[in-house]
>>> print(open('data25.cif').read())   # mmCIF, C-alpha atoms
data_entry
#
loop_
_atom_site.label_atom_id
_atom_site.label_comp_id
_atom_site.auth_asym_id
_atom_site.auth_seq_id
_atom_site.Cartn_x
_atom_site.Cartn_y
_atom_site.Cartn_z
CA MET A 11 14.68 -8.88 -1.70
CA TYR A 12 15.32 -5.31 -2.81
CA ARG A 13 16.75 -2.58 -0.59
CA ILE A 14 14.11 -0.24 -1.99
CA PRO A 15 11.00 -2.20 -3.03
CA LEU A 16 8.40 -1.12 -5.55
CA ILE A 17 5.66 -1.13 -2.92
CA LYS A 18 5.05 -2.21 0.68
CA PRO A 19 1.52 -3.23 1.67
CA PHE A 20 0.11 -1.15 4.53
CA VAL A 21 -0.19 -3.89 7.15
CA THR A 22 -0.30 -2.63 10.73
CA GLU A 23 -1.28 -4.12 14.07
CA GLU A 24 -4.71 -2.57 13.47
CA VAL A 25 -5.04 -4.57 10.26
CA LEU A 26 -3.90 -7.77 11.95
CA ALA A 27 -6.34 -7.20 14.83
CA LYS A 28 -9.26 -6.73 12.42
CA VAL A 29 -8.46 -9.94 10.56
CA ARG A 30 -8.04 -11.77 13.86
CA SER A 31 -11.45 -10.58 14.99
CA VAL A 32 -13.01 -11.94 11.81
CA LEU A 33 -11.32 -15.30 12.28
CA GLU A 34 -12.46 -15.45 15.89
CA SER A 35 -16.04 -14.53 14.94
CA GLY A 36 -16.48 -17.79 13.05
CA HIS A 37 -18.04 -15.96 10.08
CA LEU A 38 -15.41 -16.18 7.36
CA THR A 39 -17.36 -15.94 4.10
CA GLU A 40 -19.00 -12.76 2.79
CA GLY A 41 -20.94 -11.11 5.58
CA PRO A 42 -21.03 -8.02 7.79
CA VAL A 43 -17.38 -7.05 7.30
CA ALA A 44 -17.71 -7.18 3.50
CA ARG A 45 -20.85 -5.04 3.85
CA GLU A 46 -18.85 -2.52 5.91
CA PHE A 47 -16.12 -2.49 3.24
CA GLU A 48 -18.71 -1.81 0.53
CA LYS A 49 -20.44 0.90 2.53
CA THR A 50 -17.18 2.70 3.30
CA ILE A 51 -15.88 2.75 -0.27
CA GLY A 52 -19.30 3.76 -1.61
CA ALA A 53 -19.35 6.69 0.78
CA LYS A 54 -15.80 7.75 -0.06
CA VAL A 55 -16.40 7.86 -3.80
CA GLY A 56 -19.96 9.16 -3.54
CA ALA A 57 -21.64 6.26 -5.32
CA ALA A 58 -25.16 5.02 -4.58
CA HIS A 59 -24.13 1.36 -4.81
CA CYS A 60 -20.90 -0.49 -4.06
CA LEU A 61 -20.40 -4.25 -4.35
CA ALA A 62 -17.37 -6.20 -3.16
CA VAL A 63 -16.23 -8.93 -5.54
CA SER A 64 -13.48 -11.50 -5.86
CA SER A 65 -11.34 -9.38 -8.22
CA CYS A 66 -11.41 -6.36 -10.51
CA THR A 67 -11.46 -8.81 -13.43
CA THR A 68 -14.62 -10.56 -12.28
CA GLY A 69 -16.09 -7.14 -11.52
CA LEU A 70 -15.51 -5.98 -15.09
CA GLU A 71 -17.07 -9.17 -16.39
CA MET A 72 -20.12 -8.64 -14.18
CA ALA A 73 -20.43 -5.04 -15.34
CA LEU A 74 -20.57 -6.09 -18.99
CA ARG A 75 -23.09 -8.83 -18.25
CA ALA A 76 -25.28 -6.41 -16.27
CA LEU A 77 -25.34 -4.12 -19.32
CA GLY A 78 -26.37 -7.00 -21.55
CA VAL A 79 -23.11 -7.09 -23.52
CA GLY A 80 -22.65 -10.36 -25.37
CA PRO A 81 -22.34 -12.06 -28.77
CA GLY A 82 -22.76 -9.66 -31.68
CA ASP A 83 -21.67 -6.64 -29.63
CA GLU A 84 -18.35 -4.80 -29.70
CA VAL A 85 -16.52 -3.19 -26.79
CA ILE A 86 -13.67 -0.71 -27.26
CA VAL A 87 -10.62 -0.87 -24.98
CA PRO A 88 -7.19 0.82 -24.97
CA ASP A 89 -4.17 -1.13 -26.16
CA TYR A 90 -1.98 -0.05 -23.23
CA THR A 91 -3.53 -1.80 -20.23
CA TYR A 92 -3.40 -5.02 -18.26
CA PRO A 93 -4.82 -7.91 -20.34
CA ALA A 94 -7.85 -8.34 -18.07
CA THR A 95 -9.41 -5.17 -19.50
CA ALA A 96 -9.74 -6.80 -22.90
CA SER A 97 -10.07 -10.45 -21.82
CA VAL A 98 -13.41 -9.87 -20.11
CA VAL A 99 -14.88 -8.69 -23.41
CA ASN A 100 -14.21 -12.05 -25.03
CA ILE A 101 -15.26 -13.89 -21.86
CA VAL A 102 -18.80 -12.51 -22.23
CA GLY A 103 -18.79 -13.42 -25.94
CA ALA A 104 -18.39 -9.93 -27.41
CA GLY A 105 -15.86 -8.64 -29.92
CA CYS A 106 -12.97 -6.56 -28.58
CA VAL A 107 -11.84 -3.47 -30.49
CA ILE A 108 -8.41 -2.26 -29.40
CA VAL A 109 -7.44 1.39 -29.93
CA ASP A 110 -4.40 3.54 -29.24
CA VAL A 111 -3.51 5.63 -26.21
CA ASP A 112 -2.15 9.16 -25.99
CA PRO A 113 1.51 8.73 -24.95
CA ALA A 114 1.40 12.10 -23.18
CA THR A 115 -0.98 10.69 -20.55
CA MET A 116 -0.97 6.93 -21.35
CA LEU A 117 -4.79 7.12 -21.30
CA ILE A 118 -7.09 6.08 -24.14
CA ASP A 119 -6.93 8.28 -27.24
CA TYR A 120 -10.41 9.83 -27.20
CA ASP A 121 -10.37 10.56 -30.94
CA ALA A 122 -9.39 6.95 -31.66
CA LEU A 123 -12.16 5.75 -29.36
CA GLU A 124 -14.77 7.79 -31.16
CA ALA A 125 -13.50 6.79 -34.62
CA ALA A 126 -13.78 3.09 -33.69
CA ILE A 127 -17.49 3.26 -32.80
CA THR A 128 -19.74 1.28 -35.15
CA PRO A 129 -23.41 0.23 -34.99
CA ARG A 130 -22.21 -2.87 -33.13
CA THR A 131 -20.45 -0.89 -30.39
CA LYS A 132 -22.29 -1.32 -27.12
CA ALA A 133 -19.68 -0.14 -24.62
CA ALA A 134 -16.15 1.08 -24.05
CA ILE A 135 -13.82 0.32 -21.16
CA PRO A 136 -11.49 3.31 -20.73
CA VAL A 137 -8.79 2.83 -18.08
CA SER A 138 -7.84 5.44 -15.48
CA LEU A 139 -4.32 4.07 -15.72
CA PHE A 140 -1.99 4.18 -12.72
CA GLY A 141 -4.47 6.49 -10.93
CA ASN A 142 -4.55 9.23 -13.58
CA PRO A 143 -8.24 10.18 -13.94
CA LEU A 144 -9.94 10.10 -17.30
CA ASP A 145 -11.17 13.22 -19.08
CA TRP A 146 -14.87 12.84 -18.33
CA GLY A 147 -15.69 15.97 -20.28
CA ARG A 148 -14.61 14.22 -23.48
CA LEU A 149 -16.11 10.88 -22.49
CA ALA A 150 -19.47 12.35 -21.46
CA ASP A 151 -19.68 14.13 -24.83
CA ILE A 152 -18.93 10.90 -26.71
CA LYS A 153 -21.51 9.02 -24.64
CA GLN A 154 -24.17 11.65 -25.19
CA ARG A 155 -23.68 11.63 -28.98
CA THR A 156 -23.32 7.87 -29.47
CA GLY A 157 -25.28 6.26 -26.63
CA ILE A 158 -22.58 3.73 -25.74
CA PHE A 159 -22.11 2.54 -22.16
CA LEU A 160 -18.93 3.52 -20.32
CA VAL A 161 -17.47 0.93 -17.94
CA GLU A 162 -14.41 2.35 -16.22
CA ASP A 163 -11.48 0.09 -15.45
CA ALA A 164 -10.53 2.03 -12.33
CA ALA A 165 -8.26 -0.73 -11.03
CA CYS A 166 -5.57 1.74 -9.90
CA ALA A 167 -7.67 4.87 -9.41
CA LEU A 168 -9.31 4.76 -5.98
CA GLY A 169 -8.97 8.28 -4.57
CA SER A 170 -8.49 10.09 -7.88
CA SER A 171 -10.99 12.65 -9.12
CA TYR A 172 -12.02 14.78 -12.10
CA LYS A 173 -13.25 18.33 -11.50
CA GLY A 174 -13.74 17.45 -7.85
CA VAL A 175 -15.90 14.37 -8.52
CA MET A 176 -14.37 11.12 -7.31
CA THR A 177 -13.50 8.31 -9.67
CA GLY A 178 -16.22 5.73 -9.13
CA ALA A 179 -19.04 8.26 -9.45
CA LEU A 180 -18.54 9.24 -13.10
CA ALA A 181 -18.94 6.14 -15.30
CA ASP A 182 -22.03 4.00 -15.82
CA ILE A 183 -20.15 1.37 -13.82
CA SER A 184 -16.65 1.64 -12.31
CA VAL A 185 -14.53 -1.24 -11.05
CA PHE A 186 -11.60 -0.96 -8.60
CA SER A 187 -8.88 -3.46 -7.78
CA HIS A 188 -7.63 -4.32 -4.30
CA HIS A 189 -4.67 -6.41 -5.42
CA PRO A 190 -1.58 -6.12 -3.14
CA ARG A 191 -0.01 -3.44 -5.38
CA LYS A 192 -2.99 -1.18 -4.63
CA PHE A 193 -2.68 1.06 -1.59
CA ILE A 194 -6.04 -0.18 -0.26
CA THR A 195 -5.72 -3.95 -0.61
CA THR A 196 -7.65 -7.04 0.41
CA GLY A 197 -4.99 -9.44 -0.90
CA GLU A 198 -7.22 -10.22 -3.86
CA GLY A 199 -10.52 -8.54 -4.53
CA GLY A 200 -12.34 -5.67 -6.15
CA THR A 201 -15.26 -3.31 -5.77
CA ILE A 202 -17.90 -2.14 -8.25
CA THR A 203 -19.69 1.21 -8.02
CA THR A 204 -22.74 2.46 -9.90
CA GLU A 205 -25.69 4.79 -9.55
CA ASN A 206 -28.07 2.42 -11.31
CA ASP A 207 -30.38 0.43 -9.01
CA LEU A 208 -31.22 -2.28 -11.54
CA TRP A 209 -27.62 -2.99 -12.51
CA ALA A 210 -26.60 -3.09 -8.85
CA GLU A 211 -29.38 -5.54 -8.00
CA TRP A 212 -28.48 -7.76 -10.96
CA MET A 213 -24.79 -7.87 -10.04
CA ALA A 214 -25.49 -8.50 -6.34
CA SER A 215 -27.59 -11.50 -7.32
CA TYR A 216 -25.26 -12.79 -10.04
CA LYS A 217 -22.18 -12.87 -7.78
CA HIS A 218 -24.23 -14.82 -5.19
CA PHE A 219 -25.32 -17.77 -7.37
CA GLY A 220 -28.37 -15.89 -8.73
CA LEU A 221 -29.98 -15.58 -5.30
CA ARG A 222 -32.88 -13.22 -4.70
CA GLY A 223 -33.13 -12.10 -1.10
CA ASN A 224 -31.16 -13.44 1.86
CA ALA A 225 -30.16 -17.12 1.88
CA SER A 226 -30.83 -17.34 5.62
CA ARG A 227 -34.47 -16.29 5.26
CA LEU A 228 -37.45 -18.32 4.16
CA GLY A 229 -38.85 -17.28 0.80
CA SER A 230 -35.50 -16.61 -0.84
CA ASP A 231 -34.96 -18.26 -4.19
CA PHE A 232 -32.46 -18.61 -7.02
CA PHE A 233 -34.17 -16.86 -9.89
CA ARG A 234 -31.29 -16.51 -12.38
CA ILE A 235 -28.14 -18.41 -13.27
CA GLY A 236 -25.30 -16.92 -11.27
CA THR A 237 -21.85 -17.70 -9.92
CA ASN A 238 -19.66 -17.13 -6.87
CA TYR A 239 -17.74 -13.86 -7.14
CA LYS A 240 -18.08 -12.92 -3.46
CA LEU A 241 -15.36 -11.37 -1.29
CA SER A 242 -14.85 -13.09 2.06
CA ASP A 243 -15.01 -11.24 5.38
CA VAL A 244 -11.43 -12.38 6.06
CA LEU A 245 -10.12 -10.44 3.07
CA ALA A 246 -12.55 -7.55 3.53
CA GLY A 247 -11.22 -7.11 7.07
CA ILE A 248 -7.83 -6.06 5.69
CA GLY A 249 -9.48 -3.39 3.56
CA VAL A 250 -11.79 -2.14 6.31
CA ALA A 251 -8.83 -1.46 8.60
CA GLN A 252 -6.83 0.23 5.83
CA LEU A 253 -9.73 2.43 4.73
CA LYS A 254 -9.58 4.23 8.09
CA HIS A 255 -6.27 5.66 6.87
CA MET A 256 -7.17 6.22 3.20
CA ASP A 257 -6.98 10.01 3.32
CA GLU A 258 -3.59 10.10 5.03
CA LEU A 259 -2.22 7.43 2.68
CA LEU A 260 -3.39 9.43 -0.34
CA THR A 261 -1.84 12.61 1.07
CA GLU A 262 1.45 10.79 1.56
CA ARG A 263 1.42 9.26 -1.94
CA ARG A 264 0.77 12.64 -3.49
CA ALA A 265 3.64 14.19 -1.54
CA LEU A 266 5.97 11.39 -2.64
CA ALA A 267 4.90 11.81 -6.27
CA SER A 268 5.37 15.57 -6.09
CA PHE A 269 8.91 15.16 -4.76
CA TYR A 270 9.80 12.68 -7.50
CA ARG A 271 8.47 15.04 -10.17
CA GLU A 272 10.43 17.89 -8.61
CA LEU A 273 13.60 15.77 -8.70
CA PHE A 274 13.14 14.97 -12.39
CA SER A 275 11.87 18.38 -13.51
CA GLY A 276 13.83 19.70 -16.44
CA ASP A 277 15.74 16.46 -17.06
CA ALA A 278 15.51 15.87 -20.81
CA LYS A 279 16.38 12.17 -20.45
CA ILE A 280 13.59 11.37 -17.98
CA GLY A 281 10.10 12.08 -19.27
CA LEU A 282 7.15 12.82 -17.00
CA PRO A 283 3.71 11.74 -18.31
CA GLU A 284 1.01 14.40 -18.10
CA ILE A 285 -1.83 14.46 -15.58
CA THR A 286 -5.34 14.92 -16.94
CA GLN A 287 -6.32 18.59 -16.88
CA GLN A 288 -8.62 19.36 -13.92
CA GLY A 289 -7.89 15.89 -12.56
CA GLU A 290 -6.29 14.80 -9.31
CA HIS A 291 -4.05 11.73 -9.59
CA SER A 292 -4.04 9.05 -6.87
CA TRP A 293 -0.51 7.88 -7.79
CA GLN A 294 -1.08 4.19 -7.48
CA THR A 295 1.97 3.94 -9.75
CA LEU A 296 4.47 6.61 -10.72
CA CYS A 297 6.00 6.02 -14.15
CA VAL A 298 8.65 7.93 -16.03
CA TYR A 299 9.74 7.59 -19.66
CA VAL A 300 13.32 6.55 -20.40
CA GLU A 301 15.24 5.29 -23.42
CA GLU A 302 16.52 1.69 -23.31
CA ARG A 303 13.97 0.92 -20.62
CA ASP A 304 14.81 -2.79 -20.30
CA ARG A 305 18.53 -2.13 -19.81
CA VAL A 306 17.81 0.59 -17.27
CA MET A 307 15.37 -1.68 -15.42
CA GLU A 308 17.91 -4.51 -15.21
CA GLN A 309 20.65 -2.21 -13.94
CA MET A 310 18.38 -0.54 -11.37
CA ARG A 311 17.39 -3.94 -10.00
CA ALA A 312 21.04 -4.96 -9.81
CA GLU A 313 21.53 -1.89 -7.57
CA GLY A 314 18.83 -3.19 -5.19
CA ILE A 315 16.06 -0.87 -6.42
CA GLU A 316 12.90 -2.62 -7.57
CA VAL A 317 11.50 -1.06 -10.71
CA GLN A 318 9.00 -2.51 -13.17
CA ILE A 319 7.44 -1.95 -16.58
CA GLY A 320 4.30 0.17 -16.58
CA THR A 321 1.90 -2.31 -18.15
CA TYR A 322 1.40 -4.17 -21.45
CA ALA A 323 0.68 -3.31 -25.08
CA LEU A 324 -2.00 -5.88 -25.87
CA SER A 325 -1.31 -5.76 -29.59
CA MET A 326 2.09 -7.34 -28.97
CA HIS A 327 0.56 -10.54 -27.56
CA PRO A 328 -0.97 -13.47 -29.48
CA ALA A 329 -4.04 -13.60 -27.23
CA PHE A 330 -5.10 -10.35 -28.89
CA ASN A 331 -3.20 -9.99 -32.18
CA ASP A 332 -4.02 -13.53 -33.34
CA ASN A 333 -7.63 -13.60 -32.18
CA PRO A 334 -10.60 -13.39 -34.57
CA ALA A 335 -12.67 -11.92 -31.73
CA CYS A 336 -10.29 -8.94 -31.44
CA ARG A 337 -9.73 -6.12 -33.90
CA LEU A 338 -6.73 -3.81 -33.75
CA GLU A 339 -7.56 -0.27 -34.88
CA GLY A 340 -4.80 1.93 -36.27
CA GLY A 341 -1.05 1.70 -35.88
CA LEU A 342 -1.10 1.84 -32.05
CA ALA A 343 2.13 3.83 -32.03
CA GLY A 344 1.28 5.62 -28.77
CA SER A 345 0.79 2.33 -26.96
CA ARG A 346 3.98 0.83 -28.35
CA TYR A 347 5.91 3.91 -27.21
CA ALA A 348 4.44 3.75 -23.71
CA PHE A 349 5.18 0.05 -23.43
CA GLY A 350 8.79 0.44 -24.53
CA HIS A 351 9.61 3.48 -22.42
CA ALA A 352 7.53 3.50 -19.21
CA LEU A 353 9.38 2.61 -16.01
CA ALA A 354 7.50 2.30 -12.69
CA LEU A 355 9.45 3.60 -9.68
CA PRO A 356 9.23 2.64 -5.99
CA LEU A 357 6.47 4.46 -4.11
CA PHE A 358 5.16 3.24 -0.76
CA HIS A 359 3.95 4.31 2.68
CA GLY A 360 6.91 5.26 4.84
CA MET A 361 9.28 5.90 1.95
CA THR A 362 11.87 8.50 2.91
CA ARG A 363 13.15 11.48 0.95
CA ALA A 364 16.60 9.89 1.13
CA GLU A 365 15.28 6.74 -0.56
CA GLN A 366 13.58 8.78 -3.27
CA THR A 367 16.73 10.78 -3.82
CA GLU A 368 18.74 7.56 -4.16
CA VAL A 369 16.24 6.22 -6.71
CA ALA A 370 16.48 9.46 -8.70
CA GLN A 371 20.27 9.62 -8.57
CA THR A 372 20.62 5.98 -9.60
CA LEU A 373 18.18 6.43 -12.46
CA ARG A 374 20.05 9.50 -13.70
CA LYS A 375 23.28 7.51 -13.66
CA MET A 376 21.68 4.69 -15.67
CA VAL A 377 20.21 6.93 -18.37
CA GLY A 378 23.52 8.76 -18.77
#
>>> encode(input="data25.cif", output="structure tokens")
Amino acid sequence: MYRIPLIKPFVTEEVLAKVRSVLESGHLTEGPVAREFEKTIGAKVGAAHCLAVSSCTTGLEMALRALGVGPGDEVIVPDYTYPATASVVNIVGAGCVIVDVDPATMLIDYDALEAAITPRTKAAIPVSLFGNPLDWGRLADIKQRTGIFLVEDAACALGSSYKGVMTGALADISVFSHHPRKFITTGEGGTITTENDLWAEWMASYKHFGLRGNASRLGSDFFRIGTNYKLSDVLAGIGVAQLKHMDELLTERRALASFYRELFSGDAKIGLPEITQQGEHSWQTLCVYVEERDRVMEQMRAEGIEVQIGTYALSMHPAFNDNPACRLEGGLAGSRYAFGHALALPLFHGMTRAEQTEVAQTLRKMVG
């Protein structure tokens, strides 16, 4: 155990009471509590449709399938992201095209994205990494000129926004994660948002074995091949209770992030990634850039402070660099830099200024 952990899940007596009420109800699979979770997130992001699913990964897979992405198609993804972003492309049978990121923001390089588009490109999956919103001005322009679909991997970005519009209401389809490192968690799980009625209906059916209608009513039938990507009411109950505090949790995270950035301002040895212009970050993760990241990480942990890498450069892993269904575009120098230098710092509900100051002072000592 670390004296100062990377994150602490927001689990209160209110959360425990909600889960207990689900267990006592006898209805443990997907049902009314999952519906409440969907309705609440949909309302918060301003999306017409919201579907709860078993994970962000299965949600991304469903999004691609709903758009008809499959063999013969290509999907463009950034190199600096969790492997799931790219894996789902191959899972649906499409080719994955991996492009660089801008190290200033760690988000997809929009010029590289546009340059990688071919007649086979059906979609792109840009990532609003760590809660930093994407530049939807650039993306909307690319979409308008090329006609590709945009599926947002918004795993970390619940609560972020671009020009006042919430993440989840900007892409063709957006997918959030509710893994325990996310500030609104269901243990495991995800949510999908979209404005499109047909895609929403298809995904709702597909995640429920291909069912049309309600299984408890006569006249329902299974009219397509589907699978089980549902989110149980037990897990949804955790999220429902946490969502009541979403605004205050976001306010607190932003205050913590602001204090960190104030502490590191002007320090030439600790780099601060940029926030998208006209965007509001949700600060799921706060990363800084340091030299000798792995040494610094090991020494920080030895001091009882849990720090972590940001995420992965896919091009450094055989699943993607030795895969005939994946194509690496360009030198990917921005992604390699981000991977080698990004260090995620502790940030959690209830973190004190004294703890943040200790993290900052220890980090300064480690970087020399």
>>> closest_residue(input="data25.cif", among="A:Gln366, A:Ser31, A:Thr68, A:Ser325", to="A:Ala94", atoms="all atoms listed in the file")
A:Thr68
>>> closest_residue(input="data25.cif", among="A:Asn100, A:Ser170, A:Gln288, A:Thr95", to="A:Val79", atoms="all atoms listed in the file")
A:Asn100
>>> closest_atom_pairs(input="data25.cif", of="stretch 291-350 of chain A", to="stretch 359-365 of chain A", cutoff="12 Å", atoms="only C-alpha atoms", output="Markdown table")
| residue | atom | partner | partner_atom | distance |
| --- | --- | --- | --- | --- |
| A:Trp293 | CA | A:His359 | CA | 11.9 |
| A:Gln294 | CA | A:His359 | CA | 11.3 |
| A:Gly314 | CA | A:Glu365 | CA | 11.5 |
| A:Ile315 | CA | A:Glu365 | CA | 9.6 |
| A:Glu316 | CA | A:Glu365 | CA | 11.9 |
>>> write_last_selection(input="data25.cif", atoms="C-alpha atoms", output="mmCIF file, keeping the file's coordinate frame")
data_model
loop_
_atom_site.group_PDB
_atom_site.id
_atom_site.type_symbol
_atom_site.label_atom_id
_atom_site.label_comp_id
_atom_site.auth_asym_id
_atom_site.auth_seq_id
_atom_site.Cartn_x
_atom_site.Cartn_y
_atom_site.Cartn_z
ATOM 1 C CA TRP A 293 -0.510 7.880 -7.790
ATOM 2 C CA GLN A 294 -1.080 4.190 -7.480
ATOM 3 C CA GLY A 314 18.830 -3.190 -5.190
ATOM 4 C CA ILE A 315 16.060 -0.870 -6.420
ATOM 5 C CA GLU A 316 12.900 -2.620 -7.570
#
>>> closest_residue(input="data25.cif", among="A:Ser292, A:Gln252, A:Gln318, A:Ser184", to="A:Ala27", atoms="only C-alpha atoms")
A:Gln252
>>> residues_around(input="data25.cif", residues="A:Gly69", least_positions_apart="3", cutoff="12 Å", atoms="only C-alpha atoms", output="JSON, numbers by chain")
{"A": [60, 61, 62, 63, 64, 65, 66, 72, 73, 74, 75, 76, 94, 95, 98, 161, 162, 163, 164, 165, 183, 184, 185, 186, 187, 188, 199, 200, 201, 202, 203, 204, 210, 213, 214, 216, 217, 238, 239, 240, 241]}
>>> write_last_selection(input="data25.cif", atoms="C-alpha atoms", output="compact mmCIF listing (two decimals), in the frame of the given file")
# COMPACT_ATOMS: atom_id res chain seq x y z
CA CYS A 60 -20.90 -0.49 -4.06
CA LEU A 61 -20.40 -4.25 -4.35
CA ALA A 62 -17.37 -6.20 -3.16
CA VAL A 63 -16.23 -8.93 -5.54
CA SER A 64 -13.48 -11.50 -5.86
CA SER A 65 -11.34 -9.38 -8.22
CA CYS A 66 -11.41 -6.36 -10.51
CA MET A 72 -20.12 -8.64 -14.18
CA ALA A 73 -20.43 -5.04 -15.34
CA LEU A 74 -20.57 -6.09 -18.99
CA ARG A 75 -23.09 -8.83 -18.25
CA ALA A 76 -25.28 -6.41 -16.27
CA ALA A 94 -7.85 -8.34 -18.07
CA THR A 95 -9.41 -5.17 -19.50
CA VAL A 98 -13.41 -9.87 -20.11
CA VAL A 161 -17.47 0.93 -17.94
CA GLU A 162 -14.41 2.35 -16.22
CA ASP A 163 -11.48 0.09 -15.45
CA ALA A 164 -10.53 2.03 -12.33
CA ALA A 165 -8.26 -0.73 -11.03
CA ILE A 183 -20.15 1.37 -13.82
CA SER A 184 -16.65 1.64 -12.31
CA VAL A 185 -14.53 -1.24 -11.05
CA PHE A 186 -11.60 -0.96 -8.60
CA SER A 187 -8.88 -3.46 -7.78
CA HIS A 188 -7.63 -4.32 -4.30
CA GLY A 199 -10.52 -8.54 -4.53
CA GLY A 200 -12.34 -5.67 -6.15
CA THR A 201 -15.26 -3.31 -5.77
CA ILE A 202 -17.90 -2.14 -8.25
CA THR A 203 -19.69 1.21 -8.02
CA THR A 204 -22.74 2.46 -9.90
CA ALA A 210 -26.60 -3.09 -8.85
CA MET A 213 -24.79 -7.87 -10.04
CA ALA A 214 -25.49 -8.50 -6.34
CA TYR A 216 -25.26 -12.79 -10.04
CA LYS A 217 -22.18 -12.87 -7.78
CA ASN A 238 -19.66 -17.13 -6.87
CA TYR A 239 -17.74 -13.86 -7.14
CA LYS A 240 -18.08 -12.92 -3.46
CA LEU A 241 -15.36 -11.37 -1.29
>>> resolve_selection(input="data25.cif", expression="the PyMOL selection byres ((chain A and resi 91) around 8)", output="PyMOL selection string")
chain A and resi 88-90+92-93+95+137+139+321-324
>>> resolve_selection(input="data25.cif", expression="the PyMOL selection byres ((chain A and resi 284) around 9)", output="ChimeraX atom specification")
/A:113-116,142,282-283,285-287
>>> atom_distance(input="data25.cif", atom1="atom CA of A:Gly289", atom2="atom CA of A:Phe193")
19.2 Å
>>> atom_distance(input="data25.cif", atom1="atom CA of A:His37", atom2="atom CA of A:Val250")
15.6 Å
>>> closest_residue(input="data25.cif", among="A:Glu290, A:Asp207, A:Asp182, A:Glu368", to="A:Arg264", atoms="only C-alpha atoms")
A:Glu290
>>> closest_residue(input="data25.cif", among="A:Leu373, A:Val99, A:Ile127, A:Ser242", to="A:Glu339", atoms="all atoms listed in the file")
A:Ile127
>>> closest_residue(input="data25.cif", among="A:Val377, A:Leu342, A:Ala251, A:Ala348", to="A:Cys297", atoms="all atoms listed in the file")
A:Ala348
>>> resolve_selection(input="data25.cif", expression="the PyMOL selection byres ((chain A and resi 358) around 8)", output="PDB file with C-alpha atoms, in the frame of the given file")
ATOM      1  CA  LEU A  16       8.400  -1.120  -5.550  1.00  0.00           C
ATOM      2  CA  ILE A  17       5.660  -1.130  -2.920  1.00  0.00           C
ATOM      3  CA  LYS A  18       5.050  -2.210   0.680  1.00  0.00           C
ATOM      4  CA  PRO A  19       1.520  -3.230   1.670  1.00  0.00           C
ATOM      5  CA  ARG A 263       1.420   9.260  -1.940  1.00  0.00           C
ATOM      6  CA  PRO A 356       9.230   2.640  -5.990  1.00  0.00           C
ATOM      7  CA  LEU A 357       6.470   4.460  -4.110  1.00  0.00           C
ATOM      8  CA  HIS A 359       3.950   4.310   2.680  1.00  0.00           C
ATOM      9  CA  GLY A 360       6.910   5.260   4.840  1.00  0.00           C
ATOM     10  CA  MET A 361       9.280   5.900   1.950  1.00  0.00           C
TER      11      MET A 361
END
>>> residues_around(input="data25.cif", residues="A:Leu180", least_positions_apart="4", cutoff="10 Å", atoms="all atoms listed in the file", output="PyMOL selection string")
chain A and resi 55-57+144+146+149-150+160-162+171-172+175-176+184+203-205
>>> atom_distance(input="data25.cif", atom1="atom CA of A:Arg346", atom2="atom CA of A:Lys173")
29.8 Å
>>> decode(input="data25.cif", residues="stretch 118-128 of chain A", atoms="N, CA and C atoms", output="PDB file, in the first residue's frame")
ATOM      1  N   ILE A 118      -4.529  12.785 -30.716  1.00  0.00           N
ATOM      2  CA  ILE A 118      -4.225  12.402 -32.092  1.00  0.00           C
ATOM      3  C   ILE A 118      -3.749  13.602 -32.903  1.00  0.00           C
ATOM      4  N   ASP A 119      -2.759  13.375 -33.747  1.00  0.00           N
ATOM      5  CA  ASP A 119      -2.262  14.410 -34.653  1.00  0.00           C
ATOM      6  C   ASP A 119      -3.274  14.523 -35.797  1.00  0.00           C
ATOM      7  N   TYR A 120      -3.988  15.639 -35.853  1.00  0.00           N
ATOM      8  CA  TYR A 120      -5.091  15.778 -36.811  1.00  0.00           C
ATOM      9  C   TYR A 120      -4.586  15.768 -38.255  1.00  0.00           C
ATOM     10  N   ASP A 121      -3.405  16.329 -38.498  1.00  0.00           N
ATOM     11  CA  ASP A 121      -2.840  16.284 -39.844  1.00  0.00           C
ATOM     12  C   ASP A 121      -2.490  14.846 -40.229  1.00  0.00           C
ATOM     13  N   ALA A 122      -1.944  14.093 -39.279  1.00  0.00           N
ATOM     14  CA  ALA A 122      -1.610  12.690 -39.545  1.00  0.00           C
ATOM     15  C   ALA A 122      -2.868  11.864 -39.784  1.00  0.00           C
ATOM     16  N   LEU A 123      -3.913  12.165 -39.047  1.00  0.00           N
ATOM     17  CA  LEU A 123      -5.193  11.486 -39.245  1.00  0.00           C
ATOM     18  C   LEU A 123      -5.695  11.722 -40.664  1.00  0.00           C
ATOM     19  N   GLU A 124      -5.704  12.976 -41.082  1.00  0.00           N
ATOM     20  CA  GLU A 124      -6.232  13.279 -42.407  1.00  0.00           C
ATOM     21  C   GLU A 124      -5.365  12.666 -43.506  1.00  0.00           C
ATOM     22  N   ALA A 125      -4.043  12.684 -43.328  1.00  0.00           N
ATOM     23  CA  ALA A 125      -3.144  12.137 -44.338  1.00  0.00           C
ATOM     24  C   ALA A 125      -3.294  10.627 -44.492  1.00  0.00           C
ATOM     25  N   ALA A 126      -3.783   9.949 -43.442  1.00  0.00           N
ATOM     26  CA  ALA A 126      -3.904   8.488 -43.469  1.00  0.00           C
ATOM     27  C   ALA A 126      -5.207   8.007 -44.098  1.00  0.00           C
ATOM     28  N   ILE A 127      -6.111   8.914 -44.404  1.00  0.00           N
ATOM     29  CA  ILE A 127      -7.408   8.515 -44.968  1.00  0.00           C
ATOM     30  C   ILE A 127      -7.236   8.031 -46.408  1.00  0.00           C
ATOM     31  N   THR A 128      -7.820   6.871 -46.690  1.00  0.00           N
ATOM     32  CA  THR A 128      -7.808   6.280 -48.029  1.00  0.00           C
ATOM     33  C   THR A 128      -9.251   5.932 -48.404  1.00  0.00           C
TER      34      THR A 128
END
